[in-house]
$ cat input27.cif   # mmCIF, C-alpha atoms
data_input
loop_
_atom_site.group_PDB
_atom_site.id
_atom_site.type_symbol
_atom_site.label_atom_id
_atom_site.label_comp_id
_atom_site.auth_asym_id
_atom_site.auth_seq_id
_atom_site.Cartn_x
_atom_site.Cartn_y
_atom_site.Cartn_z
ATOM 1 C CA MET V 7 7.043 -6.941 16.441
ATOM 2 C CA GLU V 8 5.356 -8.933 13.715
ATOM 3 C CA THR V 9 7.270 -9.827 10.616
ATOM 4 C CA GLY V 10 6.535 -7.724 7.601
ATOM 5 C CA GLY V 11 6.797 -4.677 9.820
ATOM 6 C CA SER V 12 7.565 -2.296 6.999
ATOM 7 C CA PRO V 13 5.352 -0.251 4.713
ATOM 8 C CA ALA V 14 6.412 -2.611 1.945
ATOM 9 C CA CYS V 15 4.457 -5.446 3.545
ATOM 10 C CA GLY V 16 1.885 -5.186 0.801
ATOM 11 C CA ARG V 17 4.349 -6.284 -1.895
ATOM 12 C CA ALA V 18 4.409 -9.802 -3.225
ATOM 13 C CA ALA V 19 7.720 -10.379 -1.491
ATOM 14 C CA PRO V 20 8.763 -8.139 1.420
ATOM 15 C CA LEU V 21 11.940 -6.199 0.918
ATOM 16 C CA PRO V 22 14.818 -7.688 2.897
ATOM 17 C CA GLN V 23 15.878 -5.604 5.879
ATOM 18 C CA ARG V 24 19.194 -3.881 5.281
ATOM 19 C CA ALA V 25 21.721 -5.695 7.407
ATOM 20 C CA ASP V 26 23.564 -2.507 8.336
ATOM 21 C CA VAL V 27 20.408 -0.732 9.664
ATOM 22 C CA PRO V 28 18.639 -2.958 12.200
ATOM 23 C CA MET V 29 15.198 -1.749 13.361
ATOM 24 C CA SER V 30 16.514 -1.028 16.852
ATOM 25 C CA ASN V 31 19.099 1.427 15.472
ATOM 26 C CA MET V 32 16.616 3.307 13.258
ATOM 27 C CA ASN V 33 15.494 6.846 13.820
ATOM 28 C CA PRO V 34 12.436 6.487 16.114
ATOM 29 C CA VAL V 35 10.167 8.374 13.688
ATOM 30 C CA VAL V 36 11.260 6.262 10.706
ATOM 31 C CA ARG V 37 10.899 3.102 12.816
ATOM 32 C CA TRP V 38 7.396 4.162 13.865
ATOM 33 C CA PHE V 39 6.383 4.620 10.205
ATOM 34 C CA HIS V 40 7.799 1.181 9.381
ATOM 35 C CA GLN V 41 5.893 -0.344 12.298
ATOM 36 C CA LEU V 42 2.681 1.430 11.302
ATOM 37 C CA GLY V 43 2.801 -0.398 7.966
ATOM 38 C CA SER V 44 2.354 -3.667 9.835
ATOM 39 C CA PRO V 45 -1.368 -4.649 9.877
ATOM 40 C CA PRO V 46 -1.421 -5.855 13.527
ATOM 41 C CA TYR V 47 0.478 -2.787 14.696
ATOM 42 C CA PHE V 48 -1.918 -0.519 12.798
ATOM 43 C CA ASP V 49 -4.893 -2.368 14.290
ATOM 44 C CA ARG V 50 -3.636 -1.723 17.808
ATOM 45 C CA PHE V 51 -2.801 1.890 16.923
ATOM 46 C CA ALA V 52 -6.258 2.561 15.432
ATOM 47 C CA ALA V 53 -8.086 0.744 18.230
ATOM 48 C CA ARG V 54 -6.238 2.861 20.757
ATOM 49 C CA TRP V 55 -6.432 6.314 19.166
ATOM 50 C CA ALA V 56 -9.740 6.353 17.239
ATOM 51 C CA PRO V 57 -11.885 6.638 20.426
ATOM 52 C CA TRP V 58 -9.688 9.502 21.645
ATOM 53 C CA ALA V 59 -10.032 11.333 18.344
ATOM 54 C CA PHE V 60 -13.804 10.834 18.397
ATOM 55 C CA ALA V 61 -14.016 12.039 22.007
ATOM 56 C CA LEU V 62 -11.872 15.105 21.320
ATOM 57 C CA GLY V 63 -13.886 15.862 18.181
ATOM 58 C CA LEU V 64 -17.177 15.508 20.027
ATOM 59 C CA ALA V 65 -16.042 17.683 22.954
ATOM 60 C CA THR V 66 -14.619 20.384 20.672
ATOM 61 C CA MET V 67 -17.719 20.407 18.466
ATOM 62 C CA ALA V 68 -19.958 20.533 21.560
ATOM 63 C CA VAL V 69 -18.190 23.740 22.651
ATOM 64 C CA GLY V 70 -18.454 25.163 19.126
ATOM 65 C CA MET V 71 -22.148 24.320 18.861
ATOM 66 C CA TYR V 72 -22.897 25.775 22.275
ATOM 67 C CA LEU V 73 -21.151 29.037 21.360
ATOM 68 C CA GLY V 74 -22.698 29.089 17.899
ATOM 69 C CA LEU V 75 -26.255 28.366 19.024
ATOM 70 C CA PHE V 76 -26.503 30.160 22.367
ATOM 71 C CA VAL V 77 -23.707 32.710 22.824
ATOM 72 C CA VAL V 78 -23.087 34.442 19.483
ATOM 73 C CA PRO V 79 -25.756 37.075 18.669
ATOM 74 C CA ALA V 80 -28.038 36.647 15.665
ATOM 75 C CA ASP V 81 -26.980 38.178 12.358
ATOM 76 C CA TYR V 82 -28.608 41.555 11.630
ATOM 77 C CA GLN V 83 -29.757 40.426 8.167
ATOM 78 C CA GLN V 84 -30.049 36.647 8.296
ATOM 79 C CA GLY V 85 -31.292 36.326 11.857
ATOM 80 C CA ASP V 86 -30.647 32.945 13.472
ATOM 81 C CA SER V 87 -30.365 31.137 10.151
ATOM 82 C CA PHE V 88 -26.709 32.170 9.936
ATOM 83 C CA ARG V 89 -26.015 29.677 12.773
ATOM 84 C CA ILE V 90 -26.211 26.931 10.150
ATOM 85 C CA LEU V 91 -22.880 28.289 8.920
ATOM 86 C CA TYR V 92 -21.153 26.705 11.947
ATOM 87 C CA ILE V 93 -21.826 23.219 10.621
ATOM 88 C CA HIS V 94 -21.986 24.029 6.911
ATOM 89 C CA VAL V 95 -18.587 25.715 6.478
ATOM 90 C CA PRO V 96 -16.440 23.228 8.496
ATOM 91 C CA SER V 97 -18.175 20.349 6.694
ATOM 92 C CA ALA V 98 -17.494 21.956 3.306
ATOM 93 C CA TRP V 99 -13.823 22.396 4.188
ATOM 94 C CA MET V 100 -13.643 18.797 5.414
ATOM 95 C CA SER V 101 -15.331 17.506 2.254
ATOM 96 C CA MET V 102 -12.495 18.963 0.180
ATOM 97 C CA ALA V 103 -9.721 18.158 2.675
ATOM 98 C CA MET V 104 -10.783 14.501 2.801
ATOM 99 C CA PHE V 105 -10.729 14.278 -0.974
ATOM 100 C CA ALA V 106 -7.221 15.755 -1.102
ATOM 101 C CA LEU V 107 -6.106 13.330 1.620
ATOM 102 C CA MET V 108 -7.701 10.400 -0.211
ATOM 103 C CA ALA V 109 -5.874 11.344 -3.418
ATOM 104 C CA PHE V 110 -2.600 11.759 -1.473
ATOM 105 C CA TYR V 111 -2.857 8.276 0.068
ATOM 106 C CA GLY V 112 -4.050 6.954 -3.295
ATOM 107 C CA ALA V 113 -0.968 8.349 -5.049
ATOM 108 C CA ILE V 114 1.325 6.727 -2.466
ATOM 109 C CA ALA V 115 -0.594 3.460 -2.843
ATOM 110 C CA LEU V 116 -0.233 3.558 -6.619
ATOM 111 C CA VAL V 117 3.449 4.501 -6.689
ATOM 112 C CA TRP V 118 4.863 2.494 -3.764
ATOM 113 C CA ARG V 119 2.114 -0.173 -3.437
ATOM 114 C CA ILE V 120 1.832 0.387 0.306
ATOM 115 C CA LYS V 121 -1.157 -1.613 1.524
ATOM 116 C CA LEU V 122 -1.887 0.619 4.505
ATOM 117 C CA CYS V 123 -2.123 3.652 2.212
ATOM 118 C CA GLU V 124 -4.655 1.807 0.042
ATOM 119 C CA ILE V 125 -6.698 1.121 3.174
ATOM 120 C CA LEU V 126 -6.409 4.708 4.423
ATOM 121 C CA ALA V 127 -7.307 6.148 1.009
ATOM 122 C CA MET V 128 -10.441 4.010 0.863
ATOM 123 C CA ALA V 129 -11.312 4.869 4.470
ATOM 124 C CA CYS V 130 -11.297 8.579 3.551
ATOM 125 C CA ALA V 131 -14.039 8.148 0.937
ATOM 126 C CA PRO V 132 -17.108 7.501 3.158
ATOM 127 C CA VAL V 133 -15.971 10.117 5.677
ATOM 128 C CA GLY V 134 -15.565 12.714 2.930
ATOM 129 C CA ALA V 135 -18.890 11.686 1.403
ATOM 130 C CA ALA V 136 -20.569 12.153 4.793
ATOM 131 C CA PHE V 137 -19.193 15.672 5.132
ATOM 132 C CA THR V 138 -20.164 16.484 1.521
ATOM 133 C CA LEU V 139 -23.691 15.264 2.203
ATOM 134 C CA ILE V 140 -23.865 17.468 5.316
ATOM 135 C CA THR V 141 -22.587 20.424 3.282
ATOM 136 C CA LEU V 142 -25.226 20.001 0.589
ATOM 137 C CA ALA V 143 -28.074 19.285 3.012
ATOM 138 C CA THR V 144 -27.314 22.139 5.411
ATOM 139 C CA GLY V 145 -26.682 24.526 2.517
ATOM 140 C CA SER V 146 -30.028 23.568 1.068
ATOM 141 C CA ILE V 147 -31.770 24.076 4.423
ATOM 142 C CA TRP V 148 -30.129 27.510 4.748
ATOM 143 C CA GLY V 149 -30.947 28.350 1.110
ATOM 144 C CA LYS V 150 -34.695 27.907 1.498
ATOM 145 C CA PRO V 151 -35.277 30.872 3.851
ATOM 146 C CA MET V 152 -32.415 32.998 2.466
ATOM 147 C CA TRP V 153 -32.615 32.393 -1.289
ATOM 148 C CA GLY V 154 -36.215 31.198 -1.423
ATOM 149 C CA THR V 155 -35.245 27.844 -2.916
ATOM 150 C CA TRP V 156 -33.892 24.509 -1.703
ATOM 151 C CA TRP V 157 -31.609 24.108 -4.707
ATOM 152 C CA ASP V 158 -30.121 26.092 -7.562
ATOM 153 C CA TRP V 159 -27.842 24.878 -10.342
ATOM 154 C CA ASP V 160 -25.273 27.382 -9.179
ATOM 155 C CA PRO V 161 -21.545 26.661 -9.932
ATOM 156 C CA ARG V 162 -20.619 26.169 -6.253
ATOM 157 C CA LEU V 163 -23.577 23.914 -5.487
ATOM 158 C CA THR V 164 -23.214 21.933 -8.697
ATOM 159 C CA SER V 165 -19.461 21.397 -8.266
ATOM 160 C CA GLN V 166 -20.044 20.279 -4.678
ATOM 161 C CA LEU V 167 -22.676 17.815 -5.950
ATOM 162 C CA VAL V 168 -20.155 16.500 -8.496
ATOM 163 C CA LEU V 169 -17.726 15.999 -5.587
ATOM 164 C CA LEU V 170 -20.352 13.847 -3.832
ATOM 165 C CA PHE V 171 -20.779 11.796 -7.017
ATOM 166 C CA LEU V 172 -16.998 11.379 -7.218
ATOM 167 C CA TYR V 173 -16.983 10.067 -3.648
ATOM 168 C CA PHE V 174 -19.787 7.657 -4.584
ATOM 169 C CA GLY V 175 -17.744 6.651 -7.635
ATOM 170 C CA VAL V 176 -14.690 5.858 -5.484
ATOM 171 C CA ILE V 177 -16.782 3.917 -2.946
ATOM 172 C CA GLY V 178 -18.638 2.057 -5.703
ATOM 173 C CA LEU V 179 -15.502 1.191 -7.655
ATOM 174 C CA TYR V 180 -13.795 -0.103 -4.519
ATOM 175 C CA ALA V 181 -16.812 -2.274 -3.736
ATOM 176 C CA ALA V 182 -17.251 -3.522 -7.309
ATOM 177 C CA ILE V 183 -13.881 -5.264 -7.786
ATOM 178 C CA GLU V 184 -13.332 -8.462 -5.852
ATOM 179 C CA ASP V 185 -9.536 -8.217 -5.559
ATOM 180 C CA ARG V 186 -9.163 -5.694 -2.717
ATOM 181 C CA ARG V 187 -5.778 -4.456 -3.830
ATOM 182 C CA ALA V 188 -6.738 -4.007 -7.479
ATOM 183 C CA ALA V 189 -9.981 -2.338 -6.348
ATOM 184 C CA ALA V 190 -8.104 0.108 -4.126
ATOM 185 C CA ARG V 191 -5.677 0.991 -6.902
ATOM 186 C CA ALA V 192 -8.476 1.584 -9.434
ATOM 187 C CA ALA V 193 -10.394 3.732 -6.947
ATOM 188 C CA SER V 194 -7.195 5.606 -6.046
ATOM 189 C CA LEU V 195 -6.744 6.505 -9.685
ATOM 190 C CA LEU V 196 -10.277 7.923 -9.778
ATOM 191 C CA ALA V 197 -9.515 9.899 -6.603
ATOM 192 C CA ILE V 198 -6.360 11.379 -8.146
ATOM 193 C CA VAL V 199 -8.219 12.375 -11.315
ATOM 194 C CA GLY V 200 -11.029 13.816 -9.202
ATOM 195 C CA VAL V 201 -8.658 16.225 -7.436
ATOM 196 C CA VAL V 202 -9.236 18.550 -10.384
ATOM 197 C CA MET V 203 -12.631 19.310 -8.800
ATOM 198 C CA LEU V 204 -11.071 20.928 -5.726
ATOM 199 C CA PRO V 205 -9.840 24.178 -7.355
ATOM 200 C CA ILE V 206 -13.073 24.277 -9.377
ATOM 201 C CA ILE V 207 -15.118 24.202 -6.157
ATOM 202 C CA ARG V 208 -12.804 26.670 -4.455
ATOM 203 C CA TYR V 209 -12.822 29.262 -7.254
ATOM 204 C CA SER V 210 -16.314 28.614 -8.646
ATOM 205 C CA VAL V 211 -17.596 31.738 -6.873
ATOM 206 C CA VAL V 212 -14.810 33.789 -8.495
ATOM 207 C CA TRP V 213 -14.815 32.356 -12.017
ATOM 208 C CA TRP V 214 -18.569 32.381 -12.582
ATOM 209 C CA ASN V 215 -21.571 34.450 -11.559
ATOM 210 C CA SER V 216 -22.728 32.638 -8.475
ATOM 211 C CA LEU V 217 -25.686 32.868 -6.162
ATOM 212 C CA HIS V 218 -23.427 31.455 -3.460
ATOM 213 C CA GLN V 219 -21.580 34.104 -1.492
ATOM 214 C CA GLY V 220 -17.856 34.617 -2.023
ATOM 215 C CA GLN V 221 -15.069 34.053 0.461
ATOM 216 C CA THR V 222 -15.908 35.581 3.837
ATOM 217 C CA ILE V 223 -13.305 33.915 6.062
ATOM 218 C CA ARG V 224 -9.639 34.356 5.313
ATOM 219 C CA VAL V 225 -6.730 32.677 7.088
ATOM 220 C CA PHE V 226 -4.443 35.455 5.859
ATOM 221 C CA GLY V 227 -6.035 38.886 5.782
ATOM 222 C CA GLU V 228 -9.169 40.333 7.243
ATOM 223 C CA SER V 229 -12.357 38.260 7.222
ATOM 224 C CA SER V 230 -15.572 39.980 6.216
ATOM 225 C CA MET V 231 -17.270 38.127 9.061
ATOM 226 C CA ASP V 232 -17.464 39.903 12.407
ATOM 227 C CA ALA V 233 -14.753 38.777 14.831
ATOM 228 C CA SER V 234 -17.332 37.946 17.513
ATOM 229 C CA MET V 235 -18.780 35.286 15.192
ATOM 230 C CA LEU V 236 -15.476 33.528 14.474
ATOM 231 C CA PRO V 237 -14.663 31.543 17.688
ATOM 232 C CA PRO V 238 -17.478 28.951 17.283
ATOM 233 C CA LEU V 239 -16.364 28.398 13.706
ATOM 234 C CA LEU V 240 -12.784 27.747 14.795
ATOM 235 C CA TRP V 241 -13.974 25.286 17.457
ATOM 236 C CA MET V 242 -16.072 23.484 14.847
ATOM 237 C CA VAL V 243 -13.218 23.416 12.319
ATOM 238 C CA VAL V 244 -10.906 21.799 14.896
ATOM 239 C CA GLY V 245 -13.677 19.456 16.074
ATOM 240 C CA THR V 246 -14.479 18.156 12.601
ATOM 241 C CA LYS V 247 -10.754 17.513 12.027
ATOM 242 C CA PHE V 248 -10.531 15.346 15.161
ATOM 243 C CA TRP V 249 -13.773 13.594 14.206
ATOM 244 C CA ALA V 250 -12.477 12.837 10.714
ATOM 245 C CA ILE V 251 -9.234 11.415 12.149
ATOM 246 C CA GLY V 252 -11.246 9.119 14.428
ATOM 247 C CA SER V 253 -13.552 8.051 11.638
ATOM 248 C CA VAL V 254 -10.749 7.350 9.146
ATOM 249 C CA LEU V 255 -8.882 5.299 11.772
ATOM 250 C CA ALA V 256 -12.019 3.313 12.678
ATOM 251 C CA ARG V 257 -12.911 2.628 9.042
ATOM 252 C CA ALA V 258 -9.331 1.753 8.140
ATOM 253 C CA ARG V 259 -9.238 -0.632 11.095
ATOM 254 C CA ALA V 260 -12.408 -2.346 9.870
ATOM 255 C CA ASP V 261 -11.011 -2.727 6.346
ATOM 256 C CA ASN V 262 -7.646 -3.903 7.688
ATOM 257 C CA LEU V 263 -9.352 -6.576 9.831
ATOM 258 C CA GLN V 264 -11.472 -7.736 6.886
ATOM 259 C CA ARG V 265 -8.466 -8.016 4.583
ATOM 260 C CA GLU V 266 -6.458 -9.899 7.198
ATOM 261 C CA ALA V 267 -9.358 -12.046 8.458
ATOM 262 C CA GLY V 268 -7.501 -15.305 7.869
ATOM 263 C CA LYS V 269 -4.428 -14.321 9.879
ATOM 264 C CA ASP V 270 -3.598 -15.481 13.382
ATOM 265 C CA TRP V 271 -3.419 -11.984 14.823
ATOM 266 C CA VAL V 272 -7.028 -11.330 13.759
ATOM 267 C CA ARG V 273 -8.102 -14.613 15.361
ATOM 268 C CA ARG V 274 -6.412 -13.482 18.538
ATOM 269 C CA ALA V 275 -8.096 -10.062 18.264
ATOM 270 C CA ALA V 276 -11.430 -11.872 17.877
ATOM 271 C CA GLY V 277 -10.725 -13.814 21.073
ATOM 272 C CA VAL V 278 -10.267 -17.168 19.349
ATOM 273 C CA GLU V 279 -7.923 -19.458 21.267
ATOM 274 C CA ARG V 280 -5.667 -21.634 19.207
ATOM 275 C CA MET M 23 -36.668 36.300 12.530
ATOM 276 C CA SER M 24 -35.622 33.112 14.264
ATOM 277 C CA TYR M 25 -35.751 30.457 11.540
ATOM 278 C CA ALA M 26 -35.530 27.994 14.438
ATOM 279 C CA GLY M 27 -37.034 25.180 12.392
ATOM 280 C CA TYR M 28 -34.363 25.462 9.709
ATOM 281 C CA VAL M 29 -31.551 25.686 12.268
ATOM 282 C CA ILE M 30 -32.846 22.642 14.169
ATOM 283 C CA ALA M 31 -33.250 20.687 10.917
ATOM 284 C CA ALA M 32 -29.698 21.504 9.800
ATOM 285 C CA TYR M 33 -28.167 20.514 13.149
ATOM 286 C CA ALA M 34 -30.299 17.345 13.190
ATOM 287 C CA VAL M 35 -28.943 16.350 9.763
ATOM 288 C CA PHE M 36 -25.417 17.034 11.006
ATOM 289 C CA ALA M 37 -25.935 14.907 14.123
ATOM 290 C CA ALA M 38 -27.620 12.077 12.205
ATOM 291 C CA VAL M 39 -24.867 11.812 9.584
ATOM 292 C CA LEU M 40 -22.108 11.929 12.219
ATOM 293 C CA LEU M 41 -23.950 9.280 14.260
ATOM 294 C CA TRP M 42 -24.012 7.027 11.194
ATOM 295 C CA ASP M 43 -20.341 7.811 10.618
ATOM 296 C CA PHE M 44 -19.575 6.750 14.200
ATOM 297 C CA VAL M 45 -21.692 3.590 14.222
ATOM 298 C CA ALA M 46 -20.977 2.184 10.733
ATOM 299 C CA PRO M 47 -17.301 1.197 11.246
ATOM 300 C CA ARG M 48 -18.111 -0.259 14.669
ATOM 301 C CA ILE M 49 -20.781 -2.489 13.169
ATOM 302 C CA ARG M 50 -18.377 -3.594 10.434
ATOM 303 C CA ILE M 51 -15.595 -4.381 12.927
ATOM 304 C CA ALA M 52 -18.055 -6.389 15.046
ATOM 305 C CA GLN M 53 -19.238 -8.281 11.946
ATOM 306 C CA VAL M 54 -15.682 -9.128 10.855
ATOM 307 C CA LEU M 55 -14.663 -10.334 14.323
ATOM 308 C CA ARG M 56 -17.891 -12.358 14.610
ATOM 309 C CA ALA M 57 -17.223 -13.959 11.228
ATOM 310 C CA VAL M 58 -13.692 -14.867 12.350
ATOM 311 C CA ARG M 59 -15.062 -16.425 15.561
ATOM 312 C CA LEU M 60 -17.731 -18.398 13.640
ATOM 313 C CA LEU M 61 -15.155 -19.616 11.138
ATOM 314 C CA ALA M 62 -12.870 -20.727 13.955
ATOM 315 C CA ARG M 63 -15.767 -22.610 15.588
ATOM 316 C CA ARG M 64 -16.692 -24.271 12.279
ATOM 317 C CA ASP M 65 -13.178 -25.274 11.228
ATOM 318 C CA PRO M 66 -12.406 -27.682 14.119
ATOM 319 C CA ALA M 67 -15.793 -29.357 13.526
ATOM 320 C CA ARG M 68 -14.981 -29.699 9.845
ATOM 321 C CA ALA M 69 -11.543 -31.109 10.680
ATOM 322 C CA ARG M 70 -13.148 -33.676 13.047
ATOM 323 C CA ASN M 71 -15.639 -34.738 10.336
ATOM 324 C CA ALA M 72 -12.844 -35.089 7.781
ATOM 325 C CA ALA M 73 -10.850 -37.299 10.191
ATOM 326 C CA GLN M 74 -13.901 -39.543 10.763
ATOM 327 C CA GLU M 75 -14.414 -39.834 7.007
ATOM 328 C CA LEU M 76 -10.808 -40.930 6.603
ATOM 329 C CA LYS M 77 -11.213 -43.590 9.360
ATOM 330 C CA ARG M 78 -14.219 -45.075 7.520
#

$ encode --input "input27.cif" --output "structure tokens"
Amino acid sequence: METGGSPACGRAAPLPQRADVPMSNMNPVVRWFHQLGSPPYFDRFAARWAPWAFALGLATMAVGMYLGLFVVPADYQQGDSFRILYIHVPSAWMSMAMFALMAFYGAIALVWRIKLCEILAMACAPVGAAFTLITLATGSIWGKPMWGTWWDWDPRLTSQLVLLFLYFGVIGLYAAIEDRRAAARAASLLAIVGVVMLPIIRYSVVWWNSLHQGQTIRVFGESSMDASMLPPLLWMVVGTKFWAIGSVLARARADNLQREAGKDWVRRAAGVER
Amino acid sequence: MSYAGYVIAAYAVFAAVLLWDFVAPRIRIAQVLRAVRLLARRDPARARNAAQELKR
């Protein structure tokens, strides 16, 4: 294993290994977390598992889309337009989940200065922004035939738009500061502050009069959606999760390689012989 | 009512954004690795030039 194989490798001086707990005697899970903090180890991990996550996500979403487009009957009121729900709802959930994950990694990065968590937090931003963009676009496309308008300054739609701007803010702030570590910490702070938007989005349809429909799918309790329409949604929810894992790993790998570009292990990864 | 056009448009947006999401990190990884290779190719040449300068 490379030196600096602990999550503390991002500190100015790595913490000395405790003499009484050698790596070989560590709990395997704890050891794995320590190893994952090592940039070359993470690169190998991401290079190995990102394609699998993408493939699983694609396969799962393909099943969900097939069921949603060709198997499930049309809605008695909305006709076929309700099929947009199968991409809109999982994307909306992912847009909020990615923001929460970004803030979680950002908090760890700020408190413990773990470099990998900075990288992972910043990798979440474009993925979450992509899902937010899908949510807004597909919602707009559904809104035109159902509401008669592409857009309305409704609390749910507006708060979701603010979430997209917050993602852009995080991405922009990270790109604007030259020092990668300082940039990640500043952007992490914005992500943590932005978490306040998540309950606002979630309860916007309850707190205010909203054109957007209320909660129809409940994890606990009965959903107001017919049971025959649920399986494609579940496939899509699982599929988007796998996809997001693959995307975060791939983006984190790219950022990790860029940050470590001067190191020998990156030269070896690039096929440069010494 | 089918609303097929709207459904197709929504799924096309979904596919296009996910395609970008798949391709973008790959392009960036390829760019970084290419830059590392170019830098490695340039550095020995620079070192050779510096050695010749010192001989003169």

$ residues_around --input "input27.cif" --residues "Leu41 in chain M" --least-positions-apart "2" --cutoff "12 Å" --atoms "all atoms listed in the file" --output "ChimeraX atom specification"
/V:60,64,133,136,249,253 /M:34-39,43-48

$ write_last_selection --input "input27.cif" --atoms "C-alpha atoms" --output "PDB file, keeping the file's coordinate frame"
ATOM      1  CA  PHE V  60     -13.804  10.834  18.397  1.00  0.00           C
ATOM      2  CA  LEU V  64     -17.177  15.508  20.027  1.00  0.00           C
ATOM      3  CA  VAL V 133     -15.971  10.117   5.677  1.00  0.00           C
ATOM      4  CA  ALA V 136     -20.569  12.153   4.793  1.00  0.00           C
ATOM      5  CA  TRP V 249     -13.773  13.594  14.206  1.00  0.00           C
ATOM      6  CA  SER V 253     -13.552   8.051  11.638  1.00  0.00           C
TER       7      SER V 253
ATOM      8  CA  ALA M  34     -30.299  17.345  13.190  1.00  0.00           C
ATOM      9  CA  VAL M  35     -28.943  16.350   9.763  1.00  0.00           C
ATOM     10  CA  PHE M  36     -25.417  17.034  11.006  1.00  0.00           C
ATOM     11  CA  ALA M  37     -25.935  14.907  14.123  1.00  0.00           C
ATOM     12  CA  ALA M  38     -27.620  12.077  12.205  1.00  0.00           C
ATOM     13  CA  VAL M  39     -24.867  11.812   9.584  1.00  0.00           C
ATOM     14  CA  ASP M  43     -20.341   7.811  10.618  1.00  0.00           C
ATOM     15  CA  PHE M  44     -19.575   6.750  14.200  1.00  0.00           C
ATOM     16  CA  VAL M  45     -21.692   3.590  14.222  1.00  0.00           C
ATOM     17  CA  ALA M  46     -20.977   2.184  10.733  1.00  0.00           C
ATOM     18  CA  PRO M  47     -17.301   1.197  11.246  1.00  0.00           C
ATOM     19  CA  ARG M  48     -18.111  -0.259  14.669  1.00  0.00           C
TER      20      ARG M  48
END

$ residues_around --input "input27.cif" --residues "Met242 in chain V" --least-positions-apart "4" --cutoff "10 Å" --atoms "only C-alpha atoms" --output "ChimeraX atom specification"
/V:63-71,73-74,92-97,237-238,246-248

$ residues_near_point --input "input27.cif" --point "(-13.0, 10.7, 6.7)" --cutoff "7 Å" --atoms "only C-alpha atoms" --output "VMD selection string"
chain V and resid 104 129 to 134 250 to 251 253 to 254

$ closest_atom_pairs --input "input27.cif" --of "chain V" --to "chain M" --cutoff "6 Å" --atoms "only C-alpha atoms" --output "CSV"
residue,atom,partner,partner_atom,distance
V:Gly85,CA,M:Met23,CA,5.4
V:Asp86,CA,M:Ser24,CA,5.0
V:Ser87,CA,M:Tyr25,CA,5.6
V:Ile90,CA,M:Val29,CA,5.9
V:Ile140,CA,M:Phe36,CA,5.9
V:Thr144,CA,M:Ala32,CA,5.0
V:Ala256,CA,M:Pro47,CA,5.9
V:Arg257,CA,M:Pro47,CA,5.1
V:Ala260,CA,M:Ile51,CA,4.9
V:Gln264,CA,M:Val54,CA,6.0
V:Ala276,CA,M:Leu55,CA,5.0

$ write_last_selection --input "input27.cif" --atoms "C-alpha atoms" --output "PDB file, in the coordinates of the input"
ATOM      1  CA  GLY V  85     -31.292  36.326  11.857  1.00  0.00           C
ATOM      2  CA  ASP V  86     -30.647  32.945  13.472  1.00  0.00           C
ATOM      3  CA  SER V  87     -30.365  31.137  10.151  1.00  0.00           C
ATOM      4  CA  ILE V  90     -26.211  26.931  10.150  1.00  0.00           C
ATOM      5  CA  ILE V 140     -23.865  17.468   5.316  1.00  0.00           C
ATOM      6  CA  THR V 144     -27.314  22.139   5.411  1.00  0.00           C
ATOM      7  CA  ALA V 256     -12.019   3.313  12.678  1.00  0.00           C
ATOM      8  CA  ARG V 257     -12.911   2.628   9.042  1.00  0.00           C
ATOM      9  CA  ALA V 260     -12.408  -2.346   9.870  1.00  0.00           C
ATOM     10  CA  GLN V 264     -11.472  -7.736   6.886  1.00  0.00           C
ATOM     11  CA  ALA V 276     -11.430 -11.872  17.877  1.00  0.00           C
TER      12      ALA V 276
END

$ atom_distance --input "input27.cif" --atom1 "CA of Leu142 in chain V" --atom2 "CA of Val243 in chain V"
17.1 Å

$ atom_distance --input "input27.cif" --atom1 "CA of Ile206 in chain V" --atom2 "CA of Gly245 in chain V"
25.9 Å

$ residues_around --input "input27.cif" --residues "range 167-181 of chain V" --least-positions-apart "4" --cutoff "6 Å" --atoms "all atoms listed in the file" --output "number ranges by chain"
V: 131, 135, 138, 189-190, 193

$ resolve_selection --input "input27.cif" --expression "the PyMOL selection byres ((chain V and resi 265) around 12)" --output "list in words"
Gly16, Pro45, Pro46, Asp49, Lys121, Leu122, Glu124, Ile125, Glu184, Asp185, Arg186, Arg187, Ala190, Ala258, Arg259, Ala260, Asp261, Asn262, Leu263, Gln264, Glu266, Ala267, Gly268, Lys269 and Val272 of chain V; Ile51, Val54, Leu55 and Val58 of chain M

$ write_last_selection --input "input27.cif" --atoms "C-alpha atoms" --output "short mmCIF file (atom, residue, chain, number, x, y, z; two decimals), in the frame of the given file"
data_model
loop_
_atom_site.label_atom_id
_atom_site.label_comp_id
_atom_site.auth_asym_id
_atom_site.auth_seq_id
_atom_site.Cartn_x
_atom_site.Cartn_y
_atom_site.Cartn_z
CA GLY V 16 1.88 -5.19 0.80
CA PRO V 45 -1.37 -4.65 9.88
CA PRO V 46 -1.42 -5.86 13.53
CA ASP V 49 -4.89 -2.37 14.29
CA LYS V 121 -1.16 -1.61 1.52
CA LEU V 122 -1.89 0.62 4.50
CA GLU V 124 -4.66 1.81 0.04
CA ILE V 125 -6.70 1.12 3.17
CA GLU V 184 -13.33 -8.46 -5.85
CA ASP V 185 -9.54 -8.22 -5.56
CA ARG V 186 -9.16 -5.69 -2.72
CA ARG V 187 -5.78 -4.46 -3.83
CA ALA V 190 -8.10 0.11 -4.13
CA ALA V 258 -9.33 1.75 8.14
CA ARG V 259 -9.24 -0.63 11.10
CA ALA V 260 -12.41 -2.35 9.87
CA ASP V 261 -11.01 -2.73 6.35
CA ASN V 262 -7.65 -3.90 7.69
CA LEU V 263 -9.35 -6.58 9.83
CA GLN V 264 -11.47 -7.74 6.89
CA GLU V 266 -6.46 -9.90 7.20
CA ALA V 267 -9.36 -12.05 8.46
CA GLY V 268 -7.50 -15.30 7.87
CA LYS V 269 -4.43 -14.32 9.88
CA VAL V 272 -7.03 -11.33 13.76
CA ILE M 51 -15.60 -4.38 12.93
CA VAL M 54 -15.68 -9.13 10.86
CA LEU M 55 -14.66 -10.33 14.32
CA VAL M 58 -13.69 -14.87 12.35
#
